[in-house]
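A short worksheet on the structure shown next.
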Amino acid sequence: ERAAIVMPGSISDNGWNQAGFEGLTKAGEALGFEAAFSESVHQPEQIEVLSDYARRGYDLVIGHGGEFQDAVERVAARFPETMFMVNNGLGTKDNIANADFYFSQIAYLMGYVAGSMSDTGTIGIIAAQQFKFTTDTVVGYEAGAKAANPDVRVLVTWTGDWDDITKGKEAALNQISQGADVLWPTMDSATLGSMQAVQEKGVYGIGIYRDAINEWPEILQSAILDVRGNMRSYLELAAAGKLEGALYRADMGNELAMRIGSFHPDIPVDVVDEVNNLIEAMKSGTLVVNPQ
Amino acid sequence: MNRFTMQRRIATALLLALSVGGVLILLDGHNPFEAYKVLFLESFLNYWGFSNTLVKASPMLLAGLAVIIPMRAGVFNIGGEGQIYIGGLFGAVFALAIPDLPGLLGVPLIFIAAAAGGAFWAAIPAYLKAYRGTNEVIVTLLMNFIAIHIVSYAVAGPLLAEGAPYPYSEEVSDAYRLPILMPQSDTHAGFVFGLGMTIILYFWLRFTPSGFQLDLVGRNVRAAAYAGVDQKKTIIRAMLIGGSLAGMAGAIEVIGLKYRLFHLFSDGYGYDGIVVAFLAALNPIVAPLTALFLAGLSAGAGTMQRAIGVDSSVIEVVEGLVVVFVAAALVTPRTTSKSILKLLAKNLRLRRQTQRQKKEA
Amino acid sequence: MIDLVLLGDVLAVTARLGTPIAFAALGGVIAERGGLYNIGLEGQILAGALGAAAGSFATGSAVIGLGCGINCGLISGLLLGYMSIRLRINQLVGGIALNLLLAGLTAFLSRQIFGAQAGGARVNGFSQIDFPFLSDLPVVGPSLFSQDPLFYLLIGLAIAAWFWLMKSHKGLDQRAVGENPKAADLAGVPVFRMQYLAIAVSGALAALAGVHLVLSQVYVFAEGMSAGKGFIALAAIILGRWSPIGAICAALFFGFCDAVQFKLQFTSPEIPYQLFLILPYFASLIALVVLGAKASAPASVGLPYDREHR
Amino acid sequence: MDPFLKVTGIDKSFGAVRALHNVNLLASKGECIAILGENGAGKTTFASVLIGLYQPDNGEIKLGGTPVSVTSPAKVIEHGIGMIHQHFSLVGAMTAEENILIGLPSTKRGAEARARIRQLCSDFDFNVDFDIRVTEMPVGMKQRVEILKALFRDVSILILDEPTSVLAPTEVAPFLKGVRKLVANGCLVFFISHKLDEIREIADRVMVMRHGRVEGVLPVATTPMAQMSALMMGEKPTSETVGMAKAKKVRNDTSSAPDALVVSDVCLIDPSGAEILQDLTLTVKAGEILGIAGIDGNGQTELSEVITGLRRQTSGAIHLNGTEISSASIASRIADGIGFVPEDRHAEGLVLSLSVEENMAFRSISEDRFMSGGLISRRAIHEIASDAIAAFDIRPSDPKLNASALSGGNQQKVVLAREVARACNLLVVVQPTKGLDIGATEFVQNQIRTVAQSGVGVLYISTELEHVLDISDRVAVMAFGRITGVVDPENTTLQDIGLLMTAAPEEVQ
Ligand SMILES: Nc1ncnc2c1ncn2[C@@H]1O[C@H](COP(=O)(O)OP(=O)(O)OP(=O)(O)O)[C@@H](O)[C@H]1O
Ligand SMILES: Nc1ncnc2c1ncn2[C@@H]1O[C@H](COP(=O)(O)OP(=O)(O)OP(=O)(O)O)[C@@H](O)[C@H]1O
Ligand SMILES: [Mg+2]
Ligand SMILES: [Mg+2]
C-alpha cells in the first residue's frame, strides 16, 4: 500500500499541516505504508499534484484541507482505481472519502472552560480566515462560553494570515488590551505568536491540535483535533482495504481522533466535572451543538 | 555577442546552478542526479510534465506581457497579481451571473469582462501616474494586497458556493470551460491564447505607429514629446493593455483550470510575470520562451518532491539559483569565466617564463 | 482619558509592527540612493531572522544572535551586489530570485538546525528597556520610552543614515552614484566600491528587520516569517521619498494603520474583516495621493553601470 | 629629458569599430596640444582612455617616466588628470556646487571650497546660478559648470573635449585666456575642437587624427590651416570644399515671398513668474533664413519650443503659412511640415537606445514614406536611412547600430538629416552645428541653404555669431526674451550686434 498526502502549508507549522504530515508518516510506519507528501501546495497546483500521485500508483491520495475538495473531485473522476480522501472536506463519492471533525462540539467545550475561567468576563478567539472549519469553531466557542457565563463577551479577530507570527502576537496583545483574559488562537505558525503574548501578559490560553499544556503552562485546556489519530483510524481501514467513499467524522465519541487535553491545575473541580458531564452529554446525544 | 557563446554561457550557468543545488540535495539525503533527471524529464520531456508546464506557463506568459507592455512605455506594472485577481473576479461574476449562453459567445464575453476588470484595476495607477505623477510601483503593489482581500471577501461572502468547505464560488457552466488540448490532462487552451496575444503585441509594437510610439515614451520621454506623442495617453493606454492581459490571465485560471473562483487562486503569477518579462528583455516574442522556462522549472521542481522526496525548501533554493544563473548568462557581456581564463593564461605564461629563466640560469 | 490609554496602546503597537518594516525600508533607501534596487529585502529579512535565531540558539546570547543576523544580511547583500554590479543581472530578477533562494535556504537550514519542530525552539532575545519616569508618561510613554533596544537602534540608524546621505561628503558621492554613475565615476568616486558598500549595508539593515522579529518579538524562527514585510518596505521607500527619515515615517504609518485595524475589528464585527485587513494598504495609497508624492527615484536606480557603454 | 606624458601603442576597438589604432604621443608640461579630426575620428575615445574611462586593448601610458595604470577614473584623478567632457557628465538633480564637489577628498570640500568656486567663476567671468539644480539650467550654463568642475581640481593634465561648443562668443575669449594661464603655469592641456581659429589662438601643437590613427603632430604656428584640414580629411583638398561652399552662398530675394512663420506678441511666463518671452514678434518669409543671435539663456530655446509646440505660450499668436497654429498640438505641427533640430541631442533629439535608422524615422513614423499597407515598413525605414547616412556621411554607416555608439558629431548629423528631410514649410534649428567638424559644418550649412531655396522658411538659432551671420538673410538679435533688433548681416558690425545682445531690458523699446 502506498499513500500520499498533499498539504497547503509547511510541514513545520506547528499546526494543521505538521499534524497531517506526522499523522501520515507515523501511521505509515506503524502500518507498513509507503508514505509520500507534498507541502505548500497552492491552489493552482492542486490538480497537478493530486493527479501526479494517482498516476504514480499511490493507492490513497489525501488532500489535507477543505480547499482540496474540488480538486479531489476532479482528479478522482479521472482515476477511479485510486482512493481519495479529503481531510475537512464535504461530500463523498465512490472513491472519495471524507474525514471531518465535529469542530463546534469541541469548540463548545473550550468555550465553556474559557467562559468559566474568565475573571474579566471577556474572552477571545483568534483565527485566520473565515470558512466552514473556522466559523464552526467560533460559533461553538461562543455557545460554550455563553453556557458557562451568559454575560460573557467573546472577541473574534481575523488576522488573514495563518503563519504570520507577529500578526498572531499583535492580535493576541490586542485582545488582551481589550480585557480578554482567556485566548484561543487557532492558526498555524501564527498561534505561536499569540501564545507568547498570552505568556508575557500572564493570561490564559487554549490549545489546539495537541495537548499544548506540555509546551505552554498557561494553557487551560486543549482541543485535541488529533489528525494523527483520525488518519490512523482511516488508514487502518485503508490497509485492510475497507476504506469507502464515506464520511469519517470524528466527534467526542471517537477519542482516538478528537478529545480534550489535560486540565490546568487552576481550574476548579466543579468546572472539570461540568466539562466531563458535557462530554458525556455529547456522547449520549443529549447535548447537540450547532452547527453540526 | 554571438549565438554560440550565449548558448554556452547559459549551459555553463545552468551547470553551476545545478551543482550548487546538487550539494544541497545531497545534504538532504537524495541522489542529485536522480533528482535532476526528474526535474528535466518531468517538465518538458514527458507528456504529463509538459502538460503541467503548459498549464503554469499560460498565466505566467500573460502576466509577463502585462509587465512588458507598460514597461515599454516606461511604466512599471507590479500590479499584475492584483489585476489577475480582479480579472478573475469579473470573469467569474459574469460567468455565474449569465450561465446559459453558448460557449462561443460566453467565453469571449467572459474574457472581455475579465479584461475590463484587469484594465479597471490598472486604470487607477495609470491615471495617478499620468495626471498626478504618483509613483506607479507603490500604487500597483498596494493594490495587489487590496485585490486579494476583495476576492477573499467575495468568495467567502456573496459568491460562496452552497455548503463549500472552503471559500470558493459555484462552478461555471460546462459551456464556458476552455477546451482541453492534451487529452486526459488539464492543459487548456490558455497558453495558445497567450501565444496569440504575444504575436499580436509583437506586431503591434513593431509595425504600427501607435505601438512604436508607446515604445518611444518608455525609451525617452522628452524625445517622445518632441515626436508629438502624448505621454499621458500613452501611459494610460499601456496600462490598460497590461491590465487587460493580466485580467484575462485571471479568467483563464477560472474557466480553464479551476472552474470556480477560489480564494488565493493565483499563486504569485503576477510577480512571476516580472521575471518572465525581464528575462525576455521586454521583448514580447521571447516571453513565451521565458514563461515556458519558468513554468517548466516550477513544474519539474514540484515533481522532484513527489518522485524522489526532495525537501521543498531545497527545491526553492534550486529554483532561485537556476533563475539567477540563467539571468546572469543572458546579460553578462564579459563573463567572469572569461576573465578568470585570461588570468590563468597570464599566470601560466608567467610561470613558464620564470621556469625558462630558471633553466637558463 | 480612556482614549488616551487606547492611543498610547495603539502607538506602542505601531512601534512594534512598524520597526521591522522601517529597518527594511531604511535598507532599501540606502541601496536605491546608490543606484541599486534591493528587491531582495524580503529574503534578507529571513536571512537575518535565521541568523539571529541560530546565533542566539547556539550561544544563548541575544547579542551574538544580533551579530549573526547582521552578518547574514551583509552576505546576502553582497551576493545581490555581485549579481547586480558585476554580473549586471536585471536587478528585479536578481532580487526576486534571491527571495526565492533565501526563502528556501532559510527553511532548509532551520530544519537542519532546529529539527522538524522548527517553530518550537525558543531563543533568548532582548527585553524592553523602560526609561525611568519617561516610560510612565501618558500616550507617548509606552511607545517611545518602553521599547526594545532594537527600536532605539533603529532611531539611531535612521538619524545616522540621514546624516550620511544628506550631510556628509561621502553621502553626496553616494547620491551622485545613484543619480548618474558615469558622472560620479568621472569625478573620481569609486562607483563599484560605493555600490557594494551600499548594498551590503542595505542587506544588513534588512536583516535587522528579521533580527527584530526574532529577538524582540517572537523569539523563534519560523519559515516565511517575513510575511511580505519586505514588499511593504518597498512601498515605504517610495512613500518616504527615498529619504531615511521619510521611509521610517512611512513604515511607522503603515504599522499604525495595522494597529488601528486590529482595534477597529472589535468595534464593528458586522463589517467583513477583509475590509479592515485592507485598511493599511488603502491608507498608504490615500496618503500617497494626498501627499502627492511626485518625487522620483534616483535617476539611475536599477540600471547597471557599464563604464564603456555610452 | 623624459617627456611628462608618454603614450605608446594605444589600440581600442568597439566590436568591429576600430576607434584607436596605434596611437603614440609625447607631451611635456606647459604645453597645449590641440586634437583635430573629423567626427568619429577617435578624439573622444583617446581622451576617454587617458582619463581611465575606457580600458585600452593595448598600449601603455607613462607619466613622468613611470607607467600608470589607468583602470578607473578615480585612479587617474589621483595623478592629477582632469577632463571636460563633450557630453556633460553632471548630476541633474544636484546644484552646480554639489556637482563640482562630488568625488573630492573631504579636505577639499569645506567652506573655503565654496568660496573658491565663486572666485573661479568670477575669474572666468562665468554666469552660473548656484541656487538651481543642473536640470533647470540652460545648456550654456551646464557647459560652464562642466568647465568649472575640471578647473576646480588642481590638475597637471587637463583634457578639454569641445569645451566651447555652446559657450557664447563673449564667454569664449575669457575662457581661452584662462586656459592659457593654466598652460603658462605648467599644465599640460589637450584641446579638442573643430574650430581652427581657436586652435590657432591657443595651441602649441596640433595632433591630427583620422580614422583612429594619428596622422601627424604639427606645430600650430608654422602649419597652414589648409594643411591641417588636408591631413584631417585625408585626400580631400579641403580648401576647395570650403571655397565651394563660400561660392555657393547666394542671397535669397524673399522680399515678395509669402510669410512662412509669423510670431506675434508672444509672451511666455514660467511657473515661477519669470517672463521668459516678452511680446515677441517676428516673421520668417518662405525661403528665407532668419538667424537669431544672442547669448545663451535669453529665451532662444524657449522660442523654438513655443514655435514647435513643445511649450505653450502664455499669450500671443503663431501663424504658419497664414494659418493660426497657436494652440495646435506638437503632432499636428509635425504634420504641418515643421522641422526642428533641438538644442540637446541626447535629451530629446535622439533616442539613444534605438538604432540609427529608427532615429531617422521616429519623429514622424506615420508618414507615408515609412508605411506600407497601414503598417510600418521596416524596409522603407532602412532604405531611407541608408540614403541619408550616405548623403550626410554618417560614420559608422551601419543603420542598425544604436545611436549611442555614434560619436557626438555623427549623432548631430542624424538629427539634422532627419529634420532637413522632414521640413517642408518651416525648419527651426537650434545650435545645429554643435560638435560638427569643419567639413560637416559646411555640409550642413549647405543643406540648410538648399532647404531654404526650395521655399522653406528657416529659423536659425545659434550662439555662434559667425555662423549666424554667414548663413542668414536677416539676423534678429535676442536679449532678455525680446527681439532687440533685426539687422542685415552684410551691413553690420560685430560691435553693433554685441550691443544689441547685451541691451538692458529698459533700453529696449
Ligand atoms: N565594469 C565593471 N563592472 C563591474 N565591476 C567592476 C567593473 N570594473 C571594476 N569592477 C570591480 O569593482 C570593484 C571596485 O572597482 P573600482 O573601479 O571602484 O575600484 P578600482 O580601484 O578600480 O578597483 P581595483 O582595486 O580592483 O582595481 C573592483 O573589485 C573591480 O574589480
Ligand atoms: N562606447 C562606445 N561604443 C561603441 N562605439 C564607440 C564607443 N565610443 C566610441 N565609439 C566609436 O568609436 C569611434 C570614435 O568615436 P569618438 O567619440 O572618439 O569620435 P570623436 O573623434 O570624438 O568624434 P566627434 O568629433 O564627433 O565627437 C566612432 O566611430 C564611435 O562610433
Ligand atoms: Mg567626440
Ligand atoms: Mg565632436
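We label chains A, B, ... in the order they appear in the C-alpha cells, count residues from 1 in each chain, and number ligands from 1 in the order shown.
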Restrict the calculation to only C-alpha atoms, then for each residue of chain D with any atom at most 7 Å from an atom of chain C give the closest atom pair and their distance in Å to one decimal, rows by chain and rising residue number, as a Markdown table.
| residue | atom | partner | partner_atom | distance |
| --- | --- | --- | --- | --- |
| D:Leu53 | CA | C:Arg307 | CA | 6.3 |
| D:Tyr54 | CA | C:Glu308 | CA | 5.7 |
| D:Pro73 | CA | C:Leu186 | CA | 5.5 |
| D:Ala74 | CA | C:Gly188 | CA | 3.8 |
| D:Ile77 | CA | C:Gly188 | CA | 6.2 |
| D:Ser89 | CA | C:Ala183 | CA | 4.4 |
| D:Leu90 | CA | C:Ala183 | CA | 5.5 |
| D:Val91 | CA | C:Asn180 | CA | 5.7 |
| D:Ile102 | CA | C:Asp173 | CA | 5.5 |
| D:Gly103 | CA | C:Val189 | CA | 4.7 |
| D:Ser106 | CA | C:His169 | CA | 6.3 |
| D:Ser404 | CA | C:Arg310 | CA | 5.7 |
| D:Ala405 | CA | C:Arg310 | CA | 6.6 |
Kindly save the residues from that selection, with N, CA, C and O atoms included, as a compact mmCIF listing (two decimals), in the first residue's frame.
# COMPACT_ATOMS: atom_id res chain seq x y z
N LEU D 53 38.45 56.04 -18.42
CA LEU D 53 37.07 55.58 -18.61
C LEU D 53 37.05 54.33 -19.48
O LEU D 53 36.34 53.37 -19.19
N TYR D 54 37.82 54.34 -20.55
CA TYR D 54 37.92 53.16 -21.42
C TYR D 54 39.24 52.45 -21.14
O TYR D 54 40.29 53.08 -20.99
N PRO D 73 38.72 56.04 -13.49
CA PRO D 73 38.90 57.49 -13.41
C PRO D 73 39.42 57.91 -12.03
O PRO D 73 40.22 58.83 -11.94
N ALA D 74 38.97 57.20 -10.98
CA ALA D 74 39.43 57.58 -9.65
C ALA D 74 40.95 57.55 -9.56
O ALA D 74 41.58 58.44 -9.01
N ILE D 77 42.49 60.37 -11.62
CA ILE D 77 42.35 61.67 -10.96
C ILE D 77 43.44 61.85 -9.90
O ILE D 77 43.97 62.94 -9.73
N SER D 89 28.83 65.42 -18.03
CA SER D 89 28.68 64.37 -17.03
C SER D 89 28.34 65.06 -15.72
O SER D 89 29.14 65.14 -14.82
N LEU D 90 27.11 65.52 -15.68
CA LEU D 90 26.65 66.24 -14.49
C LEU D 90 25.47 65.50 -13.88
O LEU D 90 24.74 64.80 -14.57
N VAL D 91 25.31 65.66 -12.58
CA VAL D 91 24.17 65.06 -11.90
C VAL D 91 23.03 66.07 -11.93
O VAL D 91 23.09 67.11 -11.29
N ILE D 102 31.56 66.75 -5.94
CA ILE D 102 31.48 65.28 -5.94
C ILE D 102 32.86 64.66 -6.12
O ILE D 102 33.63 65.09 -6.97
N GLY D 103 33.15 63.68 -5.32
CA GLY D 103 34.35 62.88 -5.53
C GLY D 103 35.63 63.48 -4.98
O GLY D 103 36.65 62.81 -4.94
N SER D 106 37.59 64.85 1.29
CA SER D 106 36.84 65.68 2.23
C SER D 106 37.55 66.98 2.57
O SER D 106 36.93 68.02 2.78
N SER D 404 23.57 55.42 -29.69
CA SER D 404 24.51 55.74 -28.61
C SER D 404 25.94 55.43 -29.00
O SER D 404 26.87 55.98 -28.41
N ALA D 405 26.14 54.56 -29.98
CA ALA D 405 27.50 54.18 -30.32
C ALA D 405 28.17 55.22 -31.23
O ALA D 405 29.37 55.17 -31.44
Residues within 7 Å of ligand 2, counting only C-alpha atoms and all ligand atoms, as number ranges by chain:
C: 308-310; D: 14, 17-19, 37-46, 212, 395-396, 405-410, 435-437
Within 9 Å of chain B, which residues belong to chain D? Use only C-alpha atoms and report them as an MDAnalysis selection string.
chainID D and resid 308:310 329:334 340 342 346:354 362:366 371 374:378
Considering only C-alpha atoms, extract the chain B residues located within 7 Å of chain A and return them as a PyMOL selection string.
chain B and resi 52+156+165-167+264-267+305-306
Would you kindly return, as a list in words, each protein, DNA or RNA residue with an atom no farther than 9 Å from any atom of Leu465 of chain D, considering only C-alpha atoms and excluding same-chain residues fewer than 6 positions away?
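Listing them by chain and then by number gives Ala168, Pro169, Ala293, Gly294 and Leu494 of chain D.
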Saved selection, atoms kept: C-alpha atoms, as a CSV table (one decimal), in the first residue's frame:
chain,number,residue,atom,x,y,z
D,168,ALA,CA,28.6,82.4,-26.0
D,169,PRO,CA,31.2,84.2,-28.1
D,293,ALA,CA,21.7,85.7,-32.4
D,294,GLY,CA,22.0,86.1,-28.7
D,494,LEU,CA,30.1,92.7,-34.6
Name the residues of segment 65-231 of chain C that come out as helix (DSSP H, G or I) in a backbone DSSP run; write them as a ChimeraX atom specification.
/C:65-86,91-114,118-120,134-136,140-144,149-167,169-179,181-186,191-218,229-231
With only C-alpha atoms considered, list every residue of chain C at most 6 Å from chain B, as JSON, numbers by chain.
{"C": [87, 89, 93, 94, 97, 100, 101, 104, 105, 107, 108, 235, 274, 278, 281, 293, 294]}
Would you name the residues within 6 Å of ligand 1, counting only C-alpha atoms and all ligand atoms, and put them as a list in words?
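Counting only what the definition allows, namely only C-alpha atoms and all ligand atoms, the set is Ile85, Arg86, Pro190, Val191, Phe192, Arg193, Asp306 and Arg307 of chain C; Thr71 and Ser72 of chain D.
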Output file for the residues above (N, CA, C and O atoms, as a PDB file, in the first residue's frame):
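selection.pdb, written as the output of this step:
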ATOM      1  N   ILE C  85      25.950  44.276  -9.694  1.00  0.00           N
ATOM      2  CA  ILE C  85      27.043  45.155 -10.110  1.00  0.00           C
ATOM      3  C   ILE C  85      27.957  44.449 -11.096  1.00  0.00           C
ATOM      4  O   ILE C  85      28.275  44.965 -12.157  1.00  0.00           O
ATOM      5  N   ARG C  86      28.372  43.273 -10.719  1.00  0.00           N
ATOM      6  CA  ARG C  86      29.350  42.593 -11.540  1.00  0.00           C
ATOM      7  C   ARG C  86      28.704  41.845 -12.702  1.00  0.00           C
ATOM      8  O   ARG C  86      29.098  41.991 -13.840  1.00  0.00           O
ATOM      9  N   PRO C 190      34.721  56.107  -6.459  1.00  0.00           N
ATOM     10  CA  PRO C 190      34.845  54.676  -6.784  1.00  0.00           C
ATOM     11  C   PRO C 190      33.452  54.033  -6.815  1.00  0.00           C
ATOM     12  O   PRO C 190      32.971  53.499  -5.826  1.00  0.00           O
ATOM     13  N   VAL C 191      32.839  54.095  -7.984  1.00  0.00           N
ATOM     14  CA  VAL C 191      31.423  53.737  -8.112  1.00  0.00           C
ATOM     15  C   VAL C 191      31.135  52.326  -7.618  1.00  0.00           C
ATOM     16  O   VAL C 191      30.216  52.103  -6.838  1.00  0.00           O
ATOM     17  N   PHE C 192      31.938  51.372  -8.069  1.00  0.00           N
ATOM     18  CA  PHE C 192      31.614  49.989  -7.735  1.00  0.00           C
ATOM     19  C   PHE C 192      31.776  49.731  -6.244  1.00  0.00           C
ATOM     20  O   PHE C 192      30.969  49.065  -5.616  1.00  0.00           O
ATOM     21  N   ARG C 193      32.831  50.282  -5.693  1.00  0.00           N
ATOM     22  CA  ARG C 193      33.053  50.097  -4.251  1.00  0.00           C
ATOM     23  C   ARG C 193      31.883  50.702  -3.473  1.00  0.00           C
ATOM     24  O   ARG C 193      31.356  50.118  -2.538  1.00  0.00           O
ATOM     25  N   ASP C 306      27.848  50.434 -16.735  1.00  0.00           N
ATOM     26  CA  ASP C 306      28.902  49.845 -17.545  1.00  0.00           C
ATOM     27  C   ASP C 306      29.734  51.010 -18.056  1.00  0.00           C
ATOM     28  O   ASP C 306      29.275  51.841 -18.817  1.00  0.00           O
ATOM     29  N   ARG C 307      30.974  51.041 -17.580  1.00  0.00           N
ATOM     30  CA  ARG C 307      31.823  52.186 -17.873  1.00  0.00           C
ATOM     31  C   ARG C 307      31.927  52.488 -19.361  1.00  0.00           C
ATOM     32  O   ARG C 307      31.896  53.627 -19.784  1.00  0.00           O
TER      33      ARG C 307
ATOM     34  N   THR D  71      43.085  52.272 -14.774  1.00  0.00           N
ATOM     35  CA  THR D  71      41.980  51.321 -14.742  1.00  0.00           C
ATOM     36  C   THR D  71      40.676  51.938 -14.282  1.00  0.00           C
ATOM     37  O   THR D  71      39.637  51.341 -14.451  1.00  0.00           O
ATOM     38  N   SER D  72      40.754  53.092 -13.662  1.00  0.00           N
ATOM     39  CA  SER D  72      39.498  53.743 -13.311  1.00  0.00           C
ATOM     40  C   SER D  72      39.742  55.231 -13.210  1.00  0.00           C
ATOM     41  O   SER D  72      40.844  55.673 -12.901  1.00  0.00           O
TER      42      SER D  72
END
Which distance in Å separates atom CA of Tyr58 of chain A and atom CA of Leu26 of chain B, to one decimal?
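About the pair atom CA of Tyr58 of chain A and atom CA of Leu26 of chain B: they are 25.6 Å apart.
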Residue with the minimum atom-to-atom distance to ligand 3, picked from D:Asn58, D:Thr223, D:Gln495, D:Gln412 with only C-alpha atoms and all ligand atoms counted, is D:Gln412
Using only C-alpha atoms, which protein or nucleic acid residues come within 12 Å of Phe126 of chain C? Drop anything in the same chain fewer than 3 positions from it, and give the result as a list in words.
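Here the answer would be Ala52, Ser56, Gly60, Ser61, Ala62, Val63, Ile64, Gly65, Leu66, Val123, Ile129, Gln147, Asp148, Pro149, Leu150, Phe151, Val211, His212, Leu213, Val214, Leu215, Ser216, Gln217, Val218 and Tyr219 of chain C.
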Give me a file of those residues, with C-alpha atoms, as a PDB file, in the first residue's frame.
ATOM      1  CA  ALA C  52      19.645  35.757  14.814  1.00  0.00           C
ATOM      2  CA  SER C  56      21.074  33.032  19.923  1.00  0.00           C
ATOM      3  CA  GLY C  60      22.179  31.685  24.371  1.00  0.00           C
ATOM      4  CA  SER C  61      23.211  35.275  23.836  1.00  0.00           C
ATOM      5  CA  ALA C  62      20.910  37.697  22.101  1.00  0.00           C
ATOM      6  CA  VAL C  63      23.811  39.993  21.275  1.00  0.00           C
ATOM      7  CA  ILE C  64      25.619  37.236  19.434  1.00  0.00           C
ATOM      8  CA  GLY C  65      22.348  36.473  17.689  1.00  0.00           C
ATOM      9  CA  LEU C  66      22.211  40.096  16.628  1.00  0.00           C
ATOM     10  CA  VAL C 123      15.710  31.505  21.836  1.00  0.00           C
ATOM     11  CA  ILE C 129      14.129  48.965  28.041  1.00  0.00           C
ATOM     12  CA  GLN C 147      10.634  49.625  23.654  1.00  0.00           C
ATOM     13  CA  ASP C 148      13.245  47.019  22.977  1.00  0.00           C
ATOM     14  CA  PRO C 149      16.829  48.073  22.248  1.00  0.00           C
ATOM     15  CA  LEU C 150      16.442  47.495  18.525  1.00  0.00           C
ATOM     16  CA  PHE C 151      13.823  50.210  18.323  1.00  0.00           C
ATOM     17  CA  VAL C 211      16.548  40.158  13.912  1.00  0.00           C
ATOM     18  CA  HIS C 212      13.840  42.327  15.408  1.00  0.00           C
ATOM     19  CA  LEU C 213      11.170  39.783  14.540  1.00  0.00           C
ATOM     20  CA  VAL C 214      13.088  37.017  16.262  1.00  0.00           C
ATOM     21  CA  LEU C 215      14.899  38.652  19.146  1.00  0.00           C
ATOM     22  CA  SER C 216      12.414  41.337  20.091  1.00  0.00           C
ATOM     23  CA  GLN C 217       9.070  39.974  19.064  1.00  0.00           C
ATOM     24  CA  VAL C 218       8.525  36.248  18.928  1.00  0.00           C
ATOM     25  CA  TYR C 219      11.796  34.587  19.989  1.00  0.00           C
TER      26      TYR C 219
END
Report the closest atom pair, with its distance in Å rounded to one decimal, for each residue of chain A that has an atom no farther than 10 Å from chain C; count only C-alpha atoms, sort by chain and then rising residue number, and write it as a Markdown table.
| residue | atom | partner | partner_atom | distance |
| --- | --- | --- | --- | --- |
| A:Ser10 | CA | C:Glu223 | CA | 8.0 |
| A:Ile11 | CA | C:Ala116 | CA | 8.0 |
| A:Ser12 | CA | C:Ala118 | CA | 5.8 |
| A:Asp13 | CA | C:Gly119 | CA | 6.6 |
| A:Asn14 | CA | C:Gly119 | CA | 6.5 |
| A:Gly15 | CA | C:Gly119 | CA | 10.0 |
| A:Gln18 | CA | C:Gln117 | CA | 8.9 |
| A:Gln129 | CA | C:Tyr273 | CA | 9.0 |
| A:Gln130 | CA | C:Tyr273 | CA | 8.9 |
| A:Val154 | CA | C:Phe266 | CA | 9.8 |
| A:Leu155 | CA | C:Phe266 | CA | 6.7 |
| A:Val156 | CA | C:Phe266 | CA | 7.3 |
| A:Thr157 | CA | C:Gln265 | CA | 6.8 |
| A:Trp158 | CA | C:Tyr273 | CA | 6.4 |
| A:Thr159 | CA | C:Leu277 | CA | 7.6 |
| A:Gly160 | CA | C:Leu277 | CA | 7.2 |
| A:Asp161 | CA | C:Ala227 | CA | 8.7 |
| A:Asp163 | CA | C:Met225 | CA | 7.2 |
| A:Asp164 | CA | C:Met225 | CA | 5.9 |
| A:Ile165 | CA | C:Met225 | CA | 6.6 |
| A:Thr166 | CA | C:Val218 | CA | 6.8 |
| A:Lys167 | CA | C:Leu17 | CA | 8.4 |
| A:Gly168 | CA | C:Val218 | CA | 9.7 |
| A:Lys169 | CA | C:Val218 | CA | 7.7 |
| A:Glu170 | CA | C:Val13 | CA | 7.3 |
| A:Ala171 | CA | C:Phe262 | CA | 6.7 |
| A:Ala172 | CA | C:Phe262 | CA | 9.9 |
| A:Leu173 | CA | C:Val13 | CA | 8.8 |
| A:Asn174 | CA | C:Phe262 | CA | 7.0 |
| A:Gln175 | CA | C:Lys263 | CA | 8.6 |
| A:Ser177 | CA | C:Asp9 | CA | 8.1 |
| A:Gln178 | CA | C:Lys263 | CA | 8.6 |
| A:Ser189 | CA | C:Gly119 | CA | 7.0 |
| A:Ala190 | CA | C:Met225 | CA | 9.1 |
| A:Leu192 | CA | C:Gly119 | CA | 7.6 |
| A:Gly193 | CA | C:Val218 | CA | 5.9 |
| A:Ser194 | CA | C:Val218 | CA | 9.2 |
| A:Met195 | CA | C:Val218 | CA | 9.6 |
| A:Gln196 | CA | C:Val218 | CA | 6.9 |
| A:Ala197 | CA | C:Val218 | CA | 8.8 |
| A:Glu215 | CA | C:Gly120 | CA | 8.6 |
Quick one: residues within 9 Å of Tyr36 of chain B, only C-alpha atoms counted, chain neighbours fewer than 4 positions away excluded, as a list in words?
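My list of contacting residues is Leu18, Gly22, Asn31, Pro32, Phe40, Leu41, Gly300, Ala301 and Met304 of chain B.
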Mind checking which residues fall within 10 Å of Arg311 of chain D, counting only C-alpha atoms, ignoring those fewer than 2 positions away in the same chain, and posting them as a count of residues only?
14
Set the distance at 8 Å and use only C-alpha atoms: which residues neighbour segment 262-270 of chain A once local chain neighbours fewer than 3 positions away are removed? I'd like the list as number ranges by chain.
A: 117, 211, 213, 217-222, 273-274
Those in segment 38-284 of chain A with strand (DSSP E) from DSSP, as a ChimeraX atom specification:
/A:38,60-64,83-87,96-101,122-127,153-158,182-185,204-208,219-225,247-250,258-260
Interatomic distance (Å, one decimal) between atom CA of Leu247 of chain A and atom CA of Lys258 of chain B
24.1 Å
Mind pulling up the distance from atom CA of Val72 of chain A to atom CA of Ala238 of chain A?
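Separating atom CA of Ala238 of chain A from atom CA of Val72 of chain A is a distance of 17.4 Å.
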